[in-house]
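Read through the structure below, which is laid out as structure tokens, and then see the notes.
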Amino acid sequence: MSGRAENMIQLIDVSKEYKMADSCRVALQHINLTISEGEYIGILGLNQSGKSTLARLLNGLLKPTTGQVLINGMATDSPQEIRQIRQLLGMVFQNPDNQLICPVVEEEIAFGPENLGLPPEEVNKRVDWALELVGMQEMRYHAPHLLSGGQKQKVALASVLAMQPRYLVLDEPTSMLDPLSRREILEHLCRINQENHITIILISHHPEDLLDAKRLILLHEGSIYMQGTPKEVFKDMEKLKAIGLKRPGLYQLIQQVEEEGYRIDDNIKTIPQLVEMICRI
Amino acid sequence: MSNIIDIKDLSYVYLPGTPYEQQALKDINMVLNQGELLGLFGGNGSGKSTLAKLLNGLLYPSRGKVRVCGIDTSIKELRNELWKKVGLVFQYPEQQIFEANIYDEVAYGPRNLGLKEAEVKSRVYQALEKVGLLPETLVNLSPVKLSGGVRRRIAIAGVLALEPEILILDEPMAGLDPLGQELMLDIIKKRQEMGTQSTIIISHNLKDIIALADKIAILEKGSLLFYGEVAELLENIDILSRFHLELPDYLQVVYALKARGKRTNRDISNLDEAGLELIQIISSQKGN
Ligand SMILES: Nc1ncnc2c1ncn2[C@@H]1O[C@H](COP(=O)(O)OP(=O)(O)O)[C@@H](O)[C@H]1O
Ligand SMILES: Nc1ncnc2c1ncn2[C@@H]1O[C@H](COP(=O)(O)OP(=O)(O)O)[C@@H](O)[C@H]1O
Ligand SMILES: [Mg+2]
Ligand SMILES: [Mg+2]
């Protein structure tokens, strides 16, 4: 049996046009998509392909021009539901500087839960919990603006997690980070998804960021161009090339090896892992 | 004179003597020859941008000496001279575009040099061409309406129009999508083919710069962890073991095989060859 509408995000024939003074721009067209609670979804696409528009449609910052966006059965264009939708669905953006407003990390993370009207003990518990999830306990009393880019992004992530959303939408959260901080953030997302069952919807224009996704959605010029597991999507090199995307080298190697009749485990996520596995065959 | 950059015992401290004192660079030594491309690599906060600002005299050394094109950067009177020779493109330069059209934006620097308008025009057109923008169709457009990647190329053209001897690009790839990054690499490669011009590419991505650079510098918390030719880096197992996930894909295969004591039978210089090597390893193991 398929899940009930209460436990999923549904986009039903969603289009979005931006009206400007003298023209009109179609950012998304006829998107049909269902995301179930607990999934890890990667959304890939070049700049201008409609990724951020999709993200803003999900939390109701934007309303669809036509079609419907339903979060656990609630429509984002219904003013009565929007507060609840924002509680269910948290957003993290590319640049943490725009998201951090408090002078101390702890206050930053407590801000959301306090606004929900939760009692102080519960707020405190959530701050502990969120800081631990992103591995930033020692930074509790630090000033966010003096942290490194990677640390700031973790604080931004924790402050959204403290709201205990069911869905977490991240719009290019790693694009300002160095590779190490980037990998750390990605590892945290994996854990949050597996251990806390929070749905992850991770947006990026770098295929390498999205290898943990169980399902990859490739946007191109406002439409869904491809969809499948990373392995399925990255198999079709020609189709990717046609829109100017290169697949991660890992998947070229996997394909080369599999064409010789060897099967590579789906859990392999890095080239060193692949080499190690092959050396042990 | 072939050392276009000569850095001796350089240290830099922000806000010395305050509670916010921050040592950003520690005892840096390096020289760069004319015509070379230096890739400057390090994590967030490692001191890359600070070093760039020291090279064009925006910051003065707290200790040590920096000589660029023979000019001691700590001599105030020579700063104008220095700025003509060292072109620095900041991180996210597209956020600092002010002029109403592309032509004026790129012409801003050359006009400030006091050049005649005919010379300004020829420099603007040449610079736009170098960054892959066709001047004829674009010069009158307003930069605000263009995408971030195009705006970044316009900002770079603005510095190229000054015809600097050294071009420093601070994180030129950051935030661009794969297509934009490809274009940026092409721009840098073209400049390098000219031969005599020196370039410094700052990046937190080793992959980006390893394919381009003659020399690599790795900064970590303000110290120079490695400085040398790319080939030397690829022999340095200590460094590679720390940064192996940052290597280009085919080199990750080479390094992972080396780390497991596997001898490779072929010269692996691209991903196809790396794949063939893996297949051979599997079949030889199956054979045993
Ligand atoms: N506020 C806006 N007004 C007008 N057009 C916009 C606006 N935001 C986005 N667009 C246009 O919509 C399209 C999709 O943009 P966006 O969703 O930001 O894509 P992405 O996040 O993949 O880069 C682009 O053509 C973009 O120029
Ligand atoms: N204007 C400044 N005032 C005080 N500290 C600074 C300033 N700019 C940079 N720093 C500090 O100096 C160190 C190096 O910074 P930076 O050179 O910007 O590194 P990178 O470019 O490698 O990310 C960091 O710890 C940073 O916080
Ligand atoms: Mg976007
Ligand atoms: Mg920097």
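Going through the structure tokens in order, the chains are called A, B, and so on, while each chain numbers its residues from 1 and the ligands are numbered from 1 in the order shown.
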
Every residue of segment 89-213 of chain A that DSSP places in alpha helix (DSSP H), as a PyMOL selection string: chain A and resi 105-115+120-133+149-161+179-196

Contact residues (chain A, partner chain B, 6 Å, only C-alpha atoms) as a VMD selection string: chain A and resid 46 175 178 205 249 253 257 272

With N, CA, C and O atoms kept, could you save the residues just selected as a PDB file, in the first residue's frame?
ATOM      1  N   LEU A  46      21.942  22.651 -13.310  1.00  0.00           N
ATOM      2  CA  LEU A  46      22.821  23.799 -13.478  1.00  0.00           C
ATOM      3  C   LEU A  46      22.137  25.047 -12.927  1.00  0.00           C
ATOM      4  O   LEU A  46      20.956  25.024 -12.589  1.00  0.00           O
ATOM      5  N   SER A 175      28.120  25.233  -0.864  1.00  0.00           N
ATOM      6  CA  SER A 175      28.848  25.862  -1.972  1.00  0.00           C
ATOM      7  C   SER A 175      29.893  26.876  -1.512  1.00  0.00           C
ATOM      8  O   SER A 175      30.799  27.195  -2.258  1.00  0.00           O
ATOM      9  N   ASP A 178      34.892  24.673   2.222  1.00  0.00           N
ATOM     10  CA  ASP A 178      36.007  23.897   1.697  1.00  0.00           C
ATOM     11  C   ASP A 178      35.635  22.410   1.748  1.00  0.00           C
ATOM     12  O   ASP A 178      34.669  22.033   2.397  1.00  0.00           O
ATOM     13  N   HIS A 205      24.424  22.050  -7.406  1.00  0.00           N
ATOM     14  CA  HIS A 205      24.764  21.904  -8.820  1.00  0.00           C
ATOM     15  C   HIS A 205      26.001  21.026  -8.990  1.00  0.00           C
ATOM     16  O   HIS A 205      26.486  20.850 -10.093  1.00  0.00           O
ATOM     17  N   GLY A 249      33.676  10.992 -11.501  1.00  0.00           N
ATOM     18  CA  GLY A 249      34.594   9.985 -12.024  1.00  0.00           C
ATOM     19  C   GLY A 249      34.326   8.601 -11.464  1.00  0.00           C
ATOM     20  O   GLY A 249      34.479   7.596 -12.164  1.00  0.00           O
ATOM     21  N   LEU A 253      34.240   4.891 -13.502  1.00  0.00           N
ATOM     22  CA  LEU A 253      35.014   3.703 -13.134  1.00  0.00           C
ATOM     23  C   LEU A 253      34.094   2.512 -12.872  1.00  0.00           C
ATOM     24  O   LEU A 253      34.348   1.403 -13.344  1.00  0.00           O
ATOM     25  N   VAL A 257      34.136  -1.030 -14.947  1.00  0.00           N
ATOM     26  CA  VAL A 257      34.361  -2.319 -14.298  1.00  0.00           C
ATOM     27  C   VAL A 257      33.150  -3.238 -14.481  1.00  0.00           C
ATOM     28  O   VAL A 257      33.284  -4.425 -14.755  1.00  0.00           O
ATOM     29  N   PRO A 272      38.556   5.824  -3.363  1.00  0.00           N
ATOM     30  CA  PRO A 272      39.354   4.931  -2.508  1.00  0.00           C
ATOM     31  C   PRO A 272      38.560   3.708  -2.034  1.00  0.00           C
ATOM     32  O   PRO A 272      39.107   2.597  -1.997  1.00  0.00           O
TER      33      PRO A 272
END

Between A:Leu240, A:Leu133, A:Leu11, A:Leu180, which has the minimum distance to Leu218 of chain A (counting only C-alpha atoms)?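 Smallest separation from Leu218 of chain A among the options: A:Leu240.
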
Contacts of Ile97 of chain B at 12 Å or less, counting only C-alpha atoms, minus same-chain residues fewer than 3 places along, as a VMD selection string? chain B and resid 90 92 to 94 100 to 106 108 142 to 146 148 150 to 158

Could you take the residues named above and write them with N, CA and C atoms, as a tab-separated table (two decimals), in the first residue's frame?
chain	number	residue	atom	x	y	z
B	90	PHE	N	39.07	39.90	-6.31
B	90	PHE	CA	38.63	39.41	-5.00
B	90	PHE	C	37.69	38.21	-5.11
B	92	TYR	N	34.21	36.46	-4.95
B	92	TYR	CA	32.87	36.93	-5.31
B	92	TYR	C	32.89	38.37	-5.84
B	93	PRO	N	33.72	38.67	-6.84
B	93	PRO	CA	33.85	40.05	-7.32
B	93	PRO	C	32.56	40.55	-7.95
B	94	GLU	N	31.69	39.62	-8.34
B	94	GLU	CA	30.45	40.04	-9.01
B	94	GLU	C	29.55	40.84	-8.08
B	100	ALA	N	26.85	51.26	-14.89
B	100	ALA	CA	25.55	51.03	-15.51
B	100	ALA	C	25.63	50.11	-16.72
B	101	ASN	N	26.80	50.06	-17.37
B	101	ASN	CA	26.91	49.11	-18.47
B	101	ASN	C	28.28	48.45	-18.45
B	102	ILE	N	28.39	47.36	-19.21
B	102	ILE	CA	29.59	46.54	-19.14
B	102	ILE	C	30.82	47.31	-19.58
B	103	TYR	N	30.67	48.11	-20.62
B	103	TYR	CA	31.83	48.85	-21.12
B	103	TYR	C	32.43	49.72	-20.02
B	104	ASP	N	31.58	50.50	-19.36
B	104	ASP	CA	32.10	51.41	-18.33
B	104	ASP	C	32.70	50.65	-17.15
B	105	GLU	N	32.10	49.50	-16.85
B	105	GLU	CA	32.61	48.69	-15.74
B	105	GLU	C	34.05	48.26	-16.03
B	106	VAL	N	34.28	47.74	-17.23
B	106	VAL	CA	35.62	47.26	-17.57
B	106	VAL	C	36.58	48.42	-17.80
B	108	TYR	N	36.66	51.20	-16.18
B	108	TYR	CA	36.89	51.97	-14.95
B	108	TYR	C	38.37	52.04	-14.58
B	142	SER	N	23.32	46.12	-19.17
B	142	SER	CA	23.53	46.43	-17.77
B	142	SER	C	23.97	45.17	-17.03
B	143	PRO	N	25.08	45.24	-16.29
B	143	PRO	CA	25.60	44.05	-15.61
B	143	PRO	C	24.60	43.44	-14.62
B	144	VAL	N	23.74	44.26	-14.02
B	144	VAL	CA	22.86	43.72	-12.97
B	144	VAL	C	21.93	42.63	-13.48
B	145	LYS	N	21.62	42.68	-14.77
B	145	LYS	CA	20.66	41.72	-15.31
B	145	LYS	C	21.29	40.38	-15.67
B	146	LEU	N	22.63	40.30	-15.59
B	146	LEU	CA	23.30	39.10	-16.06
B	146	LEU	C	23.51	38.10	-14.93
B	148	GLY	N	25.37	35.42	-12.35
B	148	GLY	CA	26.55	35.58	-11.50
B	148	GLY	C	27.84	35.21	-12.22
B	150	VAL	N	28.55	35.30	-15.46
B	150	VAL	CA	28.92	36.30	-16.46
B	150	VAL	C	29.44	37.56	-15.76
B	151	ARG	N	28.78	37.93	-14.67
B	151	ARG	CA	29.23	39.11	-13.92
B	151	ARG	C	30.64	38.92	-13.37
B	152	ARG	N	30.94	37.69	-12.96
B	152	ARG	CA	32.29	37.43	-12.46
B	152	ARG	C	33.30	37.60	-13.58
B	153	ARG	N	32.94	37.13	-14.78
B	153	ARG	CA	33.88	37.28	-15.89
B	153	ARG	C	34.09	38.76	-16.25
B	154	ILE	N	33.03	39.55	-16.08
B	154	ILE	CA	33.17	40.99	-16.33
B	154	ILE	C	34.14	41.60	-15.32
B	155	ALA	N	34.01	41.18	-14.06
B	155	ALA	CA	34.91	41.71	-13.02
B	155	ALA	C	36.36	41.34	-13.33
B	156	ILE	N	36.56	40.12	-13.82
B	156	ILE	CA	37.92	39.69	-14.17
B	156	ILE	C	38.44	40.52	-15.34
B	157	ALA	N	37.55	40.77	-16.32
B	157	ALA	CA	37.96	41.59	-17.47
B	157	ALA	C	38.41	42.98	-16.99
B	158	GLY	N	37.73	43.50	-15.98
B	158	GLY	CA	38.08	44.81	-15.45
B	158	GLY	C	39.51	44.85	-14.93

In Å, rounded to a single decimal, give me how far atom CA of Glu187 of chain A is from atom CA of Pro248 of chain A.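 That distance, rounded to one decimal, is 18.2 Å.
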
Show me which residues are within 7 Å of ligand 3 counting only C-alpha atoms and all ligand atoms, and format the list as a ChimeraX atom specification. /A:47-48,51-52,171

Could the residues of chain A that have an atom at most 12 Å from ligand 4 be listed as a Markdown table, each with its closest atom pair and the distance in Å to one decimal, counting only C-alpha atoms and all ligand atoms and ordered by chain and ascending residue number?
| residue | atom | partner | partner_atom_place_in_ligand_line | distance |
| --- | --- | --- | --- | --- |
| A:Ser148 | CA | ligand 4 | 1 (Mg) | 11.0 |
| A:Gly149 | CA | ligand 4 | 1 (Mg) | 10.4 |
| A:Met176 | CA | ligand 4 | 1 (Mg) | 10.3 |
| A:Leu177 | CA | ligand 4 | 1 (Mg) | 10.7 |
| A:Asp178 | CA | ligand 4 | 1 (Mg) | 10.4 |

Best match for closeness to ligand 2 among A:Gln10, A:Gly150, A:Ala75, A:Leu89, counting only C-alpha atoms and all ligand atoms: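 Between A:Gln10, A:Gly150, A:Ala75, A:Leu89, the residue approaching ligand 2 most closely is A:Gly150.
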
Name the residues in contact with Thr53 of chain A at a cut-off of 10 Å, using only C-alpha atoms, excluding same-chain residues fewer than 4 positions from it; report them as number ranges by chain. A: 16-18, 27-28, 48-49, 57-58, 61-64, 222

Create the file for the chosen residues now, containing all heavy atoms and written as a tab-separated table (two decimals), in the first residue's frame.
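This went into result_22.tsv:
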chain	number	residue	atom	x	y	z
A	16	LYS	N	5.65	27.39	-12.27
A	16	LYS	CA	5.89	28.69	-11.64
A	16	LYS	C	6.43	29.66	-12.66
A	16	LYS	O	7.42	29.40	-13.34
A	16	LYS	CB	6.90	28.53	-10.49
A	16	LYS	CG	7.27	29.83	-9.82
A	16	LYS	CD	6.13	30.41	-9.03
A	16	LYS	CE	6.35	31.86	-8.66
A	16	LYS	NZ	5.17	32.46	-8.01
A	17	GLU	N	5.73	30.78	-12.78
A	17	GLU	CA	6.20	31.85	-13.67
A	17	GLU	C	6.51	33.07	-12.83
A	17	GLU	O	5.76	33.39	-11.91
A	17	GLU	CB	5.12	32.22	-14.68
A	17	GLU	CG	4.83	31.14	-15.68
A	17	GLU	CD	3.57	31.45	-16.51
A	17	GLU	OE1	3.10	32.60	-16.43
A	17	GLU	OE2	3.09	30.54	-17.20
A	18	TYR	N	7.61	33.73	-13.16
A	18	TYR	CA	7.90	35.02	-12.52
A	18	TYR	C	7.42	36.11	-13.47
A	18	TYR	O	7.83	36.16	-14.63
A	18	TYR	CB	9.40	35.19	-12.28
A	18	TYR	CG	9.95	34.28	-11.21
A	18	TYR	CD1	10.67	33.13	-11.56
A	18	TYR	CD2	9.79	34.57	-9.87
A	18	TYR	CE1	11.21	32.30	-10.57
A	18	TYR	CE2	10.32	33.75	-8.88
A	18	TYR	CZ	11.02	32.62	-9.24
A	18	TYR	OH	11.55	31.81	-8.28
A	27	ALA	N	9.90	29.43	-14.67
A	27	ALA	CA	11.01	28.84	-13.90
A	27	ALA	C	10.82	27.35	-13.70
A	27	ALA	O	11.79	26.60	-13.63
A	27	ALA	CB	11.15	29.54	-12.55
A	28	LEU	N	9.57	26.91	-13.59
A	28	LEU	CA	9.27	25.48	-13.45
A	28	LEU	C	8.03	25.18	-14.27
A	28	LEU	O	7.10	25.98	-14.31
A	28	LEU	CB	9.00	25.11	-11.99
A	28	LEU	CG	10.18	25.03	-11.03
A	28	LEU	CD1	9.68	24.76	-9.61
A	28	LEU	CD2	11.19	23.95	-11.44
A	48	GLN	N	20.08	28.32	-12.76
A	48	GLN	CA	18.88	28.76	-13.48
A	48	GLN	C	17.96	27.61	-13.87
A	48	GLN	O	17.02	27.82	-14.62
A	48	GLN	CB	19.24	29.51	-14.79
A	48	GLN	CG	20.36	30.47	-14.67
A	48	GLN	CD	19.91	31.90	-14.65
A	48	GLN	OE1	18.82	32.24	-15.07
A	48	GLN	NE2	20.73	32.75	-14.12
A	49	SER	N	18.25	26.40	-13.42
A	49	SER	CA	17.40	25.29	-13.84
A	49	SER	C	16.10	25.22	-13.05
A	49	SER	O	15.21	24.46	-13.40
A	49	SER	CB	18.17	23.97	-13.73
A	49	SER	OG	18.58	23.76	-12.39
A	57	LEU	N	9.09	26.98	-3.25
A	57	LEU	CA	7.70	26.51	-3.37
A	57	LEU	C	7.37	25.54	-2.24
A	57	LEU	O	6.25	25.49	-1.76
A	57	LEU	CB	7.49	25.81	-4.71
A	57	LEU	CG	7.30	26.71	-5.93
A	57	LEU	CD1	7.44	25.89	-7.21
A	57	LEU	CD2	5.95	27.41	-5.89
A	58	LEU	N	8.38	24.77	-1.82
A	58	LEU	CA	8.12	23.74	-0.82
A	58	LEU	C	7.75	24.33	0.53
A	58	LEU	O	6.91	23.80	1.24
A	58	LEU	CB	9.35	22.82	-0.66
A	58	LEU	CG	9.64	21.87	-1.82
A	58	LEU	CD1	10.93	21.10	-1.60
A	58	LEU	CD2	8.47	20.91	-2.03
A	61	LEU	N	7.28	29.98	0.57
A	61	LEU	CA	7.79	31.33	0.30
A	61	LEU	C	7.28	31.81	-1.04
A	61	LEU	O	7.09	33.00	-1.27
A	61	LEU	CB	9.31	31.31	0.28
A	61	LEU	CG	10.06	31.62	1.56
A	61	LEU	CD1	11.54	31.37	1.38
A	61	LEU	CD2	9.80	33.05	2.00
A	62	LEU	N	7.09	30.86	-1.96
A	62	LEU	CA	6.49	31.15	-3.26
A	62	LEU	C	5.24	30.28	-3.42
A	62	LEU	O	5.20	29.17	-2.91
A	62	LEU	CB	7.44	30.81	-4.40
A	62	LEU	CG	8.70	31.64	-4.59
A	62	LEU	CD1	9.55	31.03	-5.71
A	62	LEU	CD2	8.34	33.08	-4.91
A	63	LYS	N	4.25	30.80	-4.12
A	63	LYS	CA	3.05	30.00	-4.43
A	63	LYS	C	3.14	29.56	-5.89
A	63	LYS	O	3.61	30.31	-6.75
A	63	LYS	CB	1.78	30.84	-4.27
A	63	LYS	CG	1.75	31.66	-2.99
A	63	LYS	CD	1.47	30.82	-1.77
A	63	LYS	CE	1.43	31.67	-0.51
A	63	LYS	NZ	2.34	31.19	0.53
A	64	PRO	N	2.67	28.36	-6.18
A	64	PRO	CA	2.70	27.92	-7.58
A	64	PRO	C	1.78	28.79	-8.44
A	64	PRO	O	0.75	29.27	-7.96
A	64	PRO	CB	2.17	26.49	-7.51
A	64	PRO	CG	1.52	26.33	-6.18
A	64	PRO	CD	2.10	27.35	-5.27
A	222	GLY	N	13.70	23.98	-15.94
A	222	GLY	CA	12.41	23.99	-15.27
A	222	GLY	C	11.62	22.70	-15.33
A	222	GLY	O	10.49	22.65	-14.84

If the limit is 10 Å from any atom of ligand 2, counting only C-alpha atoms and all ligand atoms, which residues qualify? Return them as a PyMOL selection string. (chain A and resi 145-149+177-178) or (chain B and resi 12-16+20-25+40-54+91+170-171+202-204+219-222)
